[in-house]
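Data file: start-v8.tsv. Format and content: TSV, C-alpha atoms.
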```tsv
chain	number	residue	atom	x	y	z
A	11	MET	CA	115.43	66.60	139.44
A	12	VAL	CA	111.75	66.84	138.48
A	13	VAL	CA	111.52	70.38	139.84
A	14	ALA	CA	114.63	71.41	137.92
A	15	THR	CA	113.26	69.90	134.72
A	16	VAL	CA	109.90	71.64	135.10
A	17	LEU	CA	111.65	74.92	135.89
A	18	THR	CA	113.85	74.57	132.81
A	19	LEU	CA	110.85	73.85	130.60
A	20	GLY	CA	109.08	76.85	132.07
A	21	VAL	CA	111.98	79.20	131.38
A	22	ALA	CA	112.32	77.87	127.83
A	23	GLY	CA	108.58	78.30	127.26
A	24	ALA	CA	108.70	81.86	128.61
A	25	ALA	CA	111.61	82.68	126.28
A	26	SER	CA	109.62	81.28	123.37
A	27	MET	CA	106.57	83.37	124.28
A	28	PHE	CA	108.75	86.49	124.51
A	29	MET	CA	110.06	85.69	121.03
A	30	ALA	CA	106.51	85.14	119.74
A	31	TRP	CA	105.39	88.45	121.24
A	32	SER	CA	108.34	90.25	119.66
A	33	ILE	CA	107.56	88.74	116.26
A	34	GLY	CA	103.88	89.61	116.58
A	35	ALA	CA	104.75	93.17	117.48
A	36	GLY	CA	107.50	93.66	114.95
A	37	SER	CA	107.02	91.36	111.96
A	38	SER	CA	103.95	89.19	111.47
A	39	GLY	CA	101.75	91.70	113.31
A	40	SER	CA	102.90	94.80	111.47
A	41	THR	CA	103.81	93.94	107.90
A	42	PRO	CA	100.73	92.24	106.38
A	43	PHE	CA	98.36	95.21	106.60
A	44	ALA	CA	100.97	97.98	106.43
A	45	PRO	CA	100.28	98.63	102.71
A	46	ALA	CA	96.54	98.75	103.42
A	47	VAL	CA	97.12	101.22	106.26
A	48	GLY	CA	99.33	103.28	103.95
A	49	ALA	CA	96.49	103.38	101.44
A	50	ASN	CA	94.01	104.44	104.18
A	51	ALA	CA	91.95	101.28	103.62
A	52	ILE	CA	92.01	100.30	107.31
A	53	SER	CA	92.98	101.87	110.61
A	54	VAL	CA	96.16	100.96	112.46
A	55	MET	CA	94.39	99.50	115.49
A	56	ARG	CA	91.91	97.45	113.44
A	57	ALA	CA	94.79	96.14	111.32
A	58	GLY	CA	96.60	94.93	114.44
A	59	LEU	CA	93.51	93.15	115.74
A	60	ILE	CA	92.75	91.37	112.46
A	61	VAL	CA	96.35	90.37	111.84
A	62	GLY	CA	96.55	88.82	115.30
A	63	VAL	CA	93.58	86.52	114.70
A	64	LEU	CA	94.65	85.53	111.19
A	65	GLY	CA	98.22	84.98	112.35
A	66	LEU	CA	96.99	82.58	115.04
A	67	LEU	CA	95.05	80.60	112.43
A	68	GLY	CA	98.03	80.49	110.10
A	69	ALA	CA	100.30	79.33	112.91
A	70	VAL	CA	98.05	76.37	113.73
A	71	LEU	CA	97.19	75.37	110.15
A	72	GLN	CA	100.52	75.98	108.41
A	73	GLY	CA	103.25	76.37	111.00
A	74	ALA	CA	104.65	72.83	111.14
A	75	ASN	CA	107.07	73.00	108.19
A	76	VAL	CA	109.08	76.04	109.27
A	77	THR	CA	108.89	75.02	112.94
A	78	GLU	CA	110.53	71.66	112.28
A	79	ALA	CA	113.15	73.25	110.00
A	80	VAL	CA	114.20	75.80	112.64
A	81	GLY	CA	114.23	73.18	115.37
A	82	THR	CA	116.09	70.35	113.67
A	83	GLU	CA	117.63	71.37	110.32
A	84	LEU	CA	119.82	74.42	111.03
A	85	ILE	CA	122.64	72.57	112.74
A	86	GLY	CA	123.95	69.03	112.41
A	87	GLY	CA	125.51	66.57	114.80
A	88	VAL	CA	123.88	67.93	117.97
A	89	THR	CA	120.41	68.44	119.41
A	90	LEU	CA	119.56	71.79	120.93
A	91	THR	CA	119.42	71.59	124.72
A	92	ALA	CA	117.08	73.62	126.91
A	93	GLY	CA	119.88	76.06	127.72
A	94	ALA	CA	120.78	76.49	124.06
A	95	ALA	CA	117.14	77.10	123.12
A	96	ILE	CA	116.77	79.69	125.90
A	97	VAL	CA	119.93	81.56	124.86
A	98	ALA	CA	118.94	81.54	121.17
A	99	LEU	CA	115.39	82.72	121.79
A	100	LEU	CA	116.29	85.45	124.29
A	101	THR	CA	119.08	86.75	122.06
A	102	ALA	CA	116.85	86.93	118.99
A	103	ALA	CA	113.86	88.33	120.89
A	104	ALA	CA	115.93	91.10	122.44
A	105	LEU	CA	117.19	92.23	119.04
A	106	VAL	CA	113.69	92.17	117.54
A	107	ALA	CA	112.27	94.05	120.52
A	108	ILE	CA	114.95	96.74	120.12
A	109	GLY	CA	113.87	97.11	116.50
A	110	VAL	CA	110.24	97.50	117.53
A	111	PHE	CA	111.01	100.29	119.99
A	112	VAL	CA	113.33	102.23	117.68
A	113	GLY	CA	111.01	101.85	114.68
A	114	TYR	CA	113.23	99.74	112.40
A	115	PRO	CA	111.85	96.39	111.16
A	116	ILE	CA	114.51	93.89	112.21
A	117	ALA	CA	114.45	90.74	110.06
A	118	THR	CA	113.17	88.12	112.51
A	119	ALA	CA	114.24	85.18	110.34
A	120	PHE	CA	117.76	86.58	110.25
A	121	THR	CA	117.96	86.96	114.03
A	122	VAL	CA	116.49	83.58	114.93
A	123	THR	CA	118.47	81.70	112.30
A	124	GLY	CA	121.68	83.44	113.33
A	125	ALA	CA	121.07	82.81	117.03
A	126	VAL	CA	120.20	79.12	116.57
A	127	VAL	CA	123.22	78.54	114.33
A	128	GLY	CA	125.41	80.44	116.81
A	129	VAL	CA	124.44	78.35	119.83
A	130	GLY	CA	124.55	75.18	117.74
A	131	LEU	CA	128.12	75.87	116.69
A	132	ALA	CA	129.01	76.68	120.29
A	133	MET	CA	127.68	73.24	121.24
A	134	GLY	CA	130.08	71.68	118.75
A	135	GLY	CA	127.53	71.13	116.00
A	136	ASP	CA	128.22	71.01	112.27
A	137	PRO	CA	127.01	73.65	109.80
A	138	ALA	CA	124.05	72.46	107.72
A	139	TRP	CA	125.38	73.83	104.43
A	140	PRO	CA	122.63	72.48	102.12
A	141	LYS	CA	119.93	74.12	104.25
A	142	TYR	CA	121.94	77.34	104.46
A	143	ARG	CA	122.14	77.46	100.67
A	144	GLU	CA	118.34	77.17	100.42
A	145	ILE	CA	117.84	79.88	103.01
A	146	VAL	CA	120.39	82.34	101.64
A	147	THR	CA	119.11	81.84	98.09
A	148	LEU	CA	115.59	82.82	99.12
A	149	TRP	CA	116.82	85.72	101.25
A	150	VAL	CA	118.92	87.13	98.40
A	151	LEU	CA	116.24	86.64	95.74
A	152	THR	CA	113.37	88.04	97.81
A	153	PRO	CA	114.11	91.78	97.35
A	154	PHE	CA	114.69	91.39	93.62
A	155	VAL	CA	111.82	89.02	92.87
A	156	GLY	CA	109.31	90.59	95.25
A	157	GLY	CA	110.28	94.16	94.48
A	158	GLY	CA	110.51	93.44	90.74
A	159	ILE	CA	107.09	91.80	90.52
A	160	ALA	CA	105.57	94.57	92.62
A	161	TYR	CA	107.09	97.16	90.28
A	162	VAL	CA	105.77	95.45	87.12
A	163	VAL	CA	102.29	94.91	88.55
A	164	ALA	CA	102.09	98.47	89.87
A	165	ARG	CA	103.22	99.91	86.54
A	166	SER	CA	100.48	97.92	84.83
A	167	LEU	CA	97.77	98.93	87.28
A	168	ILE	CA	98.56	102.65	87.36
A	169	GLY	CA	99.19	102.97	83.61
A	170	ASP	CA	96.71	103.53	80.78
A	171	ARG	CA	97.98	100.92	78.31
A	172	LEU	CA	96.02	98.00	79.78
A	173	PRO	CA	92.32	97.93	80.73
A	174	GLN	CA	92.21	98.11	84.54
A	175	ARG	CA	89.10	96.07	85.21
A	176	PRO	CA	90.10	92.81	83.46
A	177	LEU	CA	93.72	93.21	84.58
A	178	THR	CA	92.78	93.52	88.24
A	179	ALA	CA	90.38	90.59	87.94
A	180	ALA	CA	93.09	88.48	86.29
A	181	LEU	CA	95.51	89.28	89.11
A	182	ALA	CA	92.86	88.19	91.60
A	183	GLY	CA	92.53	84.95	89.64
A	184	VAL	CA	96.27	84.32	90.01
A	185	VAL	CA	95.91	84.79	93.75
A	186	GLY	CA	92.98	82.34	93.72
A	187	ALA	CA	95.13	79.76	91.94
A	188	ILE	CA	97.81	80.13	94.63
A	189	VAL	CA	95.22	79.77	97.40
A	190	ALA	CA	93.93	76.56	95.80
A	191	ASN	CA	97.41	75.06	96.18
A	192	VAL	CA	98.20	76.28	99.70
A	193	GLY	CA	98.72	73.43	102.15
A	194	PHE	CA	96.54	73.17	105.29
A	195	ALA	CA	96.89	70.78	108.20
A	196	LEU	CA	93.13	70.11	108.27
A	197	LEU	CA	93.05	68.86	104.68
A	198	GLY	CA	95.94	66.39	104.88
A	199	PRO	CA	96.47	63.08	106.67
A	200	PRO	CA	97.77	63.16	110.27
A	201	GLY	CA	101.10	64.96	110.42
A	202	GLU	CA	100.89	66.23	106.84
A	203	GLN	CA	99.35	69.10	104.92
A	204	ALA	CA	97.29	69.10	101.73
A	205	SER	CA	95.88	71.82	99.51
A	206	LEU	CA	92.31	72.30	98.37
A	207	SER	CA	93.28	71.07	94.90
A	208	GLN	CA	94.98	67.99	96.31
A	209	ALA	CA	92.04	67.20	98.57
A	210	ILE	CA	89.31	67.56	95.92
A	211	GLY	CA	91.06	66.82	92.62
A	212	PRO	CA	91.61	63.04	92.99
A	213	GLY	CA	87.95	62.55	93.86
A	214	LEU	CA	86.66	64.03	90.61
A	215	GLY	CA	87.34	60.85	88.66
A	216	VAL	CA	89.28	62.55	85.89
A	217	GLY	CA	92.72	61.17	86.67
A	218	SER	CA	95.81	63.32	86.90
A	219	ILE	CA	94.08	66.45	85.62
A	220	GLY	CA	91.85	66.64	88.71
A	221	THR	CA	94.25	68.80	90.73
A	222	PRO	CA	94.93	71.40	87.99
A	223	LEU	CA	91.22	71.39	87.16
A	224	VAL	CA	90.35	72.46	90.71
A	225	THR	CA	93.04	75.12	90.55
A	226	ALA	CA	91.62	76.49	87.30
A	227	ALA	CA	88.09	76.42	88.69
A	228	VAL	CA	89.02	78.39	91.82
A	229	ALA	CA	90.97	80.91	89.73
A	230	ALA	CA	88.02	81.35	87.38
A	231	VAL	CA	85.52	81.87	90.21
A	232	VAL	CA	87.71	84.49	91.88
A	233	THR	CA	88.37	86.25	88.56
A	234	VAL	CA	84.67	86.52	87.71
A	235	ALA	CA	83.72	87.60	91.23
A	236	VAL	CA	86.28	90.43	91.29
A	237	TYR	CA	85.43	91.47	87.72
A	238	LEU	CA	81.75	91.83	88.61
A	239	ASP	CA	82.59	93.62	91.85
A	240	LEU	CA	84.74	96.14	89.98
A	241	GLY	CA	81.84	96.82	87.65
A	242	ARG	CA	79.53	97.70	90.54
A	243	ASP	CA	81.93	99.79	92.65
A	244	ARG	CA	85.48	100.22	91.40
A	245	THR	CA	86.84	102.03	94.45
A	246	GLY	CA	85.12	99.74	96.92
A	247	ALA	CA	86.20	96.63	95.00
A	248	GLN	CA	89.84	97.74	95.05
A	249	ARG	CA	89.61	98.30	98.78
A	250	ARG	CA	88.06	94.86	99.33
A	251	PHE	CA	90.71	93.20	97.16
A	252	LEU	CA	93.42	95.02	99.11
A	253	LEU	CA	92.02	93.94	102.46
A	254	ALA	CA	91.64	90.34	101.24
A	255	MET	CA	95.29	90.34	100.20
A	256	GLY	CA	96.28	91.74	103.59
A	257	GLY	CA	94.37	88.92	105.24
A	258	LEU	CA	96.08	86.27	103.11
A	259	VAL	CA	99.50	87.72	103.90
A	260	ALA	CA	98.64	87.87	107.61
A	261	PHE	CA	97.62	84.21	107.55
A	262	SER	CA	100.85	83.33	105.74
A	263	ALA	CA	102.84	85.34	108.28
A	264	GLY	CA	101.46	83.22	111.10
A	265	GLY	CA	102.35	80.02	109.26
A	266	SER	CA	105.89	81.19	108.64
A	267	GLN	CA	106.80	83.22	111.70
A	268	VAL	CA	105.51	80.93	114.44
A	269	GLY	CA	108.32	78.51	113.61
A	270	LEU	CA	110.87	81.18	114.49
A	271	ALA	CA	109.42	81.42	117.99
A	272	ILE	CA	108.84	77.76	118.84
A	273	GLY	CA	111.23	75.94	116.49
A	274	PRO	CA	114.13	75.82	118.98
A	275	LEU	CA	111.80	74.10	121.47
A	276	VAL	CA	110.97	71.16	119.18
A	277	PRO	CA	113.84	68.86	120.30
A	278	LEU	CA	113.06	69.59	123.96
A	279	PHE	CA	109.27	69.71	124.11
A	280	VAL	CA	108.31	67.35	121.28
A	281	GLY	CA	111.34	65.05	121.26
A	282	GLU	CA	111.92	64.66	125.01
A	283	ALA	CA	108.77	65.81	126.83
A	284	GLY	CA	106.38	64.27	124.30
A	285	ILE	CA	104.26	67.39	123.92
A	286	PRO	CA	102.40	67.32	120.57
A	287	LEU	CA	103.55	69.78	117.94
A	288	TRP	CA	100.06	71.22	117.53
A	289	ALA	CA	100.11	72.35	121.17
A	290	LEU	CA	103.34	74.27	120.55
A	291	LEU	CA	101.81	75.81	117.43
A	292	VAL	CA	98.77	77.00	119.38
A	293	GLY	CA	100.98	78.46	122.11
A	294	GLY	CA	103.19	80.22	119.60
A	295	GLY	CA	100.15	81.51	117.73
A	296	VAL	CA	98.73	82.99	120.93
A	297	GLY	CA	102.07	84.74	121.51
A	298	LEU	CA	101.94	86.21	117.98
A	299	LEU	CA	98.38	87.37	118.61
A	300	ALA	CA	99.38	89.06	121.87
A	301	GLY	CA	102.23	90.86	120.15
A	302	SER	CA	99.98	92.03	117.33
A	303	TRP	CA	97.35	93.34	119.70
A	304	THR	CA	99.68	95.11	122.11
A	305	GLY	CA	102.74	96.22	120.19
A	306	ALA	CA	102.27	96.21	116.43
A	307	SER	CA	100.82	99.70	115.95
A	308	ARG	CA	104.20	101.47	116.08
A	309	MET	CA	105.76	99.26	113.41
A	310	ILE	CA	102.65	99.35	111.22
A	311	LYS	CA	102.91	103.15	111.09
A	312	ALA	CA	106.64	102.99	110.37
A	313	ILE	CA	106.31	100.58	107.45
A	314	ALA	CA	103.15	102.21	106.07
A	315	GLN	CA	104.54	105.76	106.09
A	316	ASP	CA	108.35	105.76	106.08
A	317	TYR	CA	109.29	103.72	103.01
A	318	ALA	CA	106.99	104.94	100.22
A	319	SER	CA	103.67	106.66	99.58
A	320	MET	CA	101.11	103.95	98.81
A	321	GLY	CA	97.72	104.07	97.11
A	322	PRO	CA	95.32	101.10	96.79
A	323	ARG	CA	96.70	99.84	93.47
A	324	ARG	CA	100.34	100.05	94.56
A	325	SER	CA	99.43	98.36	97.83
A	326	ILE	CA	97.76	95.50	95.97
A	327	SER	CA	100.88	95.26	93.79
A	328	ALA	CA	103.05	94.91	96.90
A	329	LEU	CA	100.91	92.27	98.59
A	330	ILE	CA	100.53	89.87	95.65
A	331	PRO	CA	104.23	88.91	95.41
A	332	SER	CA	104.49	89.02	99.21
A	333	PHE	CA	101.80	86.36	99.49
A	334	ALA	CA	103.41	84.19	96.80
A	335	ILE	CA	106.90	84.37	98.34
A	336	ALA	CA	105.55	83.69	101.84
A	337	GLN	CA	103.70	80.57	100.74
A	338	THR	CA	106.75	79.34	98.84
A	339	ALA	CA	108.80	79.66	102.02
A	340	VAL	CA	106.16	77.86	104.08
A	341	ALA	CA	105.92	75.01	101.56
A	342	PHE	CA	109.69	74.42	101.58
A	343	GLY	CA	110.13	74.99	105.31
A	344	ILE	CA	112.45	77.96	104.90
A	345	PRO	CA	112.50	80.65	107.60
A	346	VAL	CA	111.93	83.97	105.86
A	347	SER	CA	111.60	87.52	107.12
A	348	PHE	CA	108.26	89.17	106.46
A	349	ASN	CA	109.85	92.54	107.01
A	350	GLU	CA	112.21	91.84	104.10
A	351	ILE	CA	109.35	90.60	101.92
A	352	ILE	CA	106.97	93.48	102.57
A	353	VAL	CA	109.49	96.31	102.65
A	354	SER	CA	111.03	95.17	99.35
A	355	ALA	CA	107.63	94.92	97.70
A	356	ILE	CA	106.54	98.32	99.03
A	357	VAL	CA	109.69	99.93	97.67
A	358	GLY	CA	109.23	98.23	94.30
A	359	ALA	CA	105.62	99.35	94.03
A	360	GLY	CA	106.58	102.83	95.19
A	361	TYR	CA	109.19	103.22	92.45
A	362	ALA	CA	106.55	102.31	89.86
A	363	ALA	CA	104.98	105.70	90.48
A	364	GLY	CA	108.18	107.61	89.78
A	365	ASP	CA	109.81	107.38	93.22
A	366	ALA	CA	106.51	107.98	95.05
A	367	GLY	CA	108.19	109.09	98.24
A	368	VAL	CA	110.54	106.11	98.51
A	369	SER	CA	112.96	106.86	101.32
A	370	ARG	CA	116.45	105.77	100.23
A	371	ALA	CA	117.93	106.68	103.60
A	372	LYS	CA	115.36	104.63	105.51
A	373	MET	CA	115.86	101.70	103.14
A	374	GLY	CA	119.64	101.88	103.52
A	375	TYR	CA	119.48	101.87	107.31
A	376	THR	CA	117.00	98.98	107.17
A	377	VAL	CA	119.30	96.83	105.03
A	378	LEU	CA	122.16	97.52	107.43
A	379	ALA	CA	119.87	96.53	110.31
A	380	TRP	CA	119.03	93.25	108.54
A	381	ILE	CA	122.68	92.39	107.97
A	382	GLY	CA	123.63	93.49	111.47
A	383	SER	CA	120.86	91.39	113.02
A	384	LEU	CA	122.12	88.24	111.28
A	385	VAL	CA	125.78	88.77	112.13
A	386	GLY	CA	125.02	90.10	115.61
A	387	SER	CA	122.65	87.29	116.58
A	388	LEU	CA	125.08	84.63	115.36
A	389	GLY	CA	127.96	86.18	117.29
A	390	LEU	CA	125.91	86.83	120.40
A	391	GLY	CA	124.36	83.36	120.36
A	392	PHE	CA	127.80	81.74	120.10
A	393	GLY	CA	129.40	84.04	122.65
A	394	ILE	CA	126.65	84.00	125.28
A	395	TYR	CA	126.22	80.23	125.18
A	396	THR	CA	129.99	79.72	125.40
A	397	ALA	CA	130.19	82.11	128.34
A	398	VAL	CA	127.30	80.41	130.15
A	399	GLN	CA	128.87	76.98	129.69
A	400	PHE	CA	132.22	78.32	130.95
A	401	VAL	CA	130.61	79.75	134.08
A	402	LEU	CA	128.63	76.60	134.75
```

Before anything else, please render the file you have as structure tokens.
Amino acid sequence: MVVATVLTLGVAGAASMFMAWSIGAGSSGSTPFAPAVGANAISVMRAGLIVGVLGLLGAVLQGANVTEAVGTELIGGVTLTAGAAIVALLTAAALVAIGVFVGYPIATAFTVTGAVVGVGLAMGGDPAWPKYREIVTLWVLTPFVGGGIAYVVARSLIGDRLPQRPLTAALAGVVGAIVANVGFALLGPPGEQASLSQAIGPGLGVGSIGTPLVTAAVAAVVTVAVYLDLGRDRTGAQRRFLLAMGGLVAFSAGGSQVGLAIGPLVPLFVGEAGIPLWALLVGGGVGLLAGSWTGASRMIKAIAQDYASMGPRRSISALIPSFAIAQTAVAFGIPVSFNEIIVSAIVGAGYAAGDAGVSRAKMGYTVLAWIGSLVGSLGLGFGIYTAVQFVL
């Protein structure tokens, strides 16, 4: 019995690592720096290396919310067994891996969510309709909100109506305000996350305005720093801002995507085996890093070159809403596809320059791949698990 249990845990862990590798190669490892690569601000190989490290940090410091949601909130009435977790992870990972090799960014959140729901229904579980409404709402809004904001910001940055230096600095300040309110595991009490504003604000002795005061202070410091940098070297400052945004998105990708890889293991490893959640987060983060370092270059090139022609200002415009949407998803524990976020923002920023090489055909095939991955993973998860149970 002990040998069988250990073997089962090992197979489940291997399936999770395969999923983490697939995500690192095809989503979290490729999308964050794709706009920067498209703008020739960083090489493909260096982007993959940096994204891997930042994704690992994001997984450990921010991955708990989405991990718990994927593991326990997508299906009601049943708890995922080891066999169900293995079927869900292998099904989703196979679809994502196919996308990596053919050069189409499969939506990882769609595949994992579909597969987990599929096996959960096959187990006799109940649909978690309230959670599905949250997820679908974000998925549907992401292309319009992300692409729309990217379009507006890009139009402002590449136009002549607004002064570029203060506008760029102000955008950096908005990013600083978001960073000040991003939750980190190290800043909160055990088992919880807290932001920089939440950690420092109450200690200032100014009552309820402490938290917004810290937010305003961080935004002001970032705004002034970028404004001065633009005055010294405009081109270099834009490149540094772009790379900083890529880093923030990469960190956010780790915090969001690791849950897709290890979430199905939560009932088994944390609930039954007593393994701490942080250990799963570290393991999943290492899998993301491995995928970024060994398999992300192909997808980085595809996203950077196939969807739209990107310069530094349009790339910055794409990454700002991507970062905001990603952190919103992490905060609410909603699995979200970084491919959907980044591709939508890239297309929106590309259209701001009068089409700018936006590939309608590529975008159309990508949307079909997203829909197909959700429907296919749900059907395959349900069918494969049912077949396995019938055979056994």

ask   = Quick one: distance from CA of Val163 in chain A to CA of Ser327 in chain A in Å, one decimal?
value =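 About the pair CA of Val163 in chain A and CA of Ser327 in chain A: they are 5.4 Å apart.
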
Residue with the minimum atom-to-atom distance to Arg143 in chain A, picked from A:Leu291, A:Val216, A:Leu84, A:Leu390 with all atoms listed in the file counted, is A:Leu84

Residue among A:Trp288, A:Trp303, A:Phe154, A:Phe251 lying closest to Ala355 in chain A, counting all atoms listed in the file: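 The closest residue to Ala355 in chain A is A:Phe154.
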
Spatial neighbours of Gly257 in chain A, max dist 8 Å, all atoms listed in the file, sep filter under 2 positions, as a CSV table (one decimal) with C-alpha atoms, in the coordinates of the input:
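Full text of selection.csv as output:
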```csv
chain,number,residue,atom,x,y,z
A,42,PRO,CA,100.7,92.2,106.4
A,43,PHE,CA,98.4,95.2,106.6
A,60,ILE,CA,92.8,91.4,112.5
A,61,VAL,CA,96.4,90.4,111.8
A,64,LEU,CA,94.6,85.5,111.2
A,253,LEU,CA,92.0,93.9,102.5
A,254,ALA,CA,91.6,90.3,101.2
A,255,MET,CA,95.3,90.3,100.2
A,259,VAL,CA,99.5,87.7,103.9
A,260,ALA,CA,98.6,87.9,107.6
A,261,PHE,CA,97.6,84.2,107.6
```

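When the distance limit is 8 Å and only C-alpha atoms are what count, the residues near Pro322 in chain A, minus those fewer than 2 positions from it on the same chain, are Ala46, Ala49, Ala51, Gln248, Arg249, Leu252, Met320, Arg324, Ser325 and Ile326 of chain A.
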
Counting only C-alpha atoms, select every polymer residue within 10 Å of (93.5, 72.6, 89.5) as defined in the file's coordinates, and provide the selection as a compact mmCIF listing (two decimals) with C-alpha atoms, keeping the file's coordinate frame.
```txt
# COMPACT_ATOMS: atom_id res chain seq x y z
CA ALA A 187 95.13 79.76 91.94
CA ALA A 190 93.93 76.56 95.80
CA ASN A 191 97.41 75.06 96.18
CA LEU A 206 92.31 72.30 98.37
CA SER A 207 93.28 71.07 94.90
CA GLN A 208 94.98 67.99 96.31
CA ILE A 210 89.31 67.56 95.92
CA GLY A 211 91.06 66.82 92.62
CA SER A 218 95.81 63.32 86.90
CA ILE A 219 94.08 66.45 85.62
CA GLY A 220 91.85 66.64 88.71
CA THR A 221 94.25 68.80 90.73
CA PRO A 222 94.93 71.40 87.99
CA LEU A 223 91.22 71.39 87.16
CA VAL A 224 90.35 72.46 90.71
CA THR A 225 93.04 75.12 90.55
CA ALA A 226 91.62 76.49 87.30
CA ALA A 227 88.09 76.42 88.69
CA VAL A 228 89.02 78.39 91.82
CA ALA A 229 90.97 80.91 89.73
```

Worksheet entry | Proximity to Arg175 in chain A - best of A:Val129, A:Leu67, A:Ala247, A:Val146, only C-alpha atoms |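 Smallest distance to Arg175 in chain A is found for A:Ala247.
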
**Prompt:** What separation in Å, quoted to one decimal, exists between CA of Ser266 in chain A and CA of Leu99 in chain A?
**Reply:**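 Computing the Euclidean distance for CA of Ser266 in chain A and CA of Leu99 in chain A yields 16.3 Å.
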
Quiz item: When distances are computed from all atoms listed in the file, which of A:Thr82, A:Thr152, A:Ser354, A:Thr121 shows the smallest separation from Leu278 in chain A?
Solution: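 Distance minimum relative to Leu278 in chain A lands on A:Thr82.
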
### Spatial neighbours of range 26-35 of chain A, max dist 9 Å, only C-alpha atoms, sep filter under 5 positions, as a PyMOL selection string
chain A and resi 21+40+58+61-62+65+95-96+99-100+102-104+106-107+110+118+264+267-268+270-275+293-309

- Two-atom distance - CA of Asn349 in chain A, CA of Leu131 in chain A (Å):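 So the answer is 26.6 Å.
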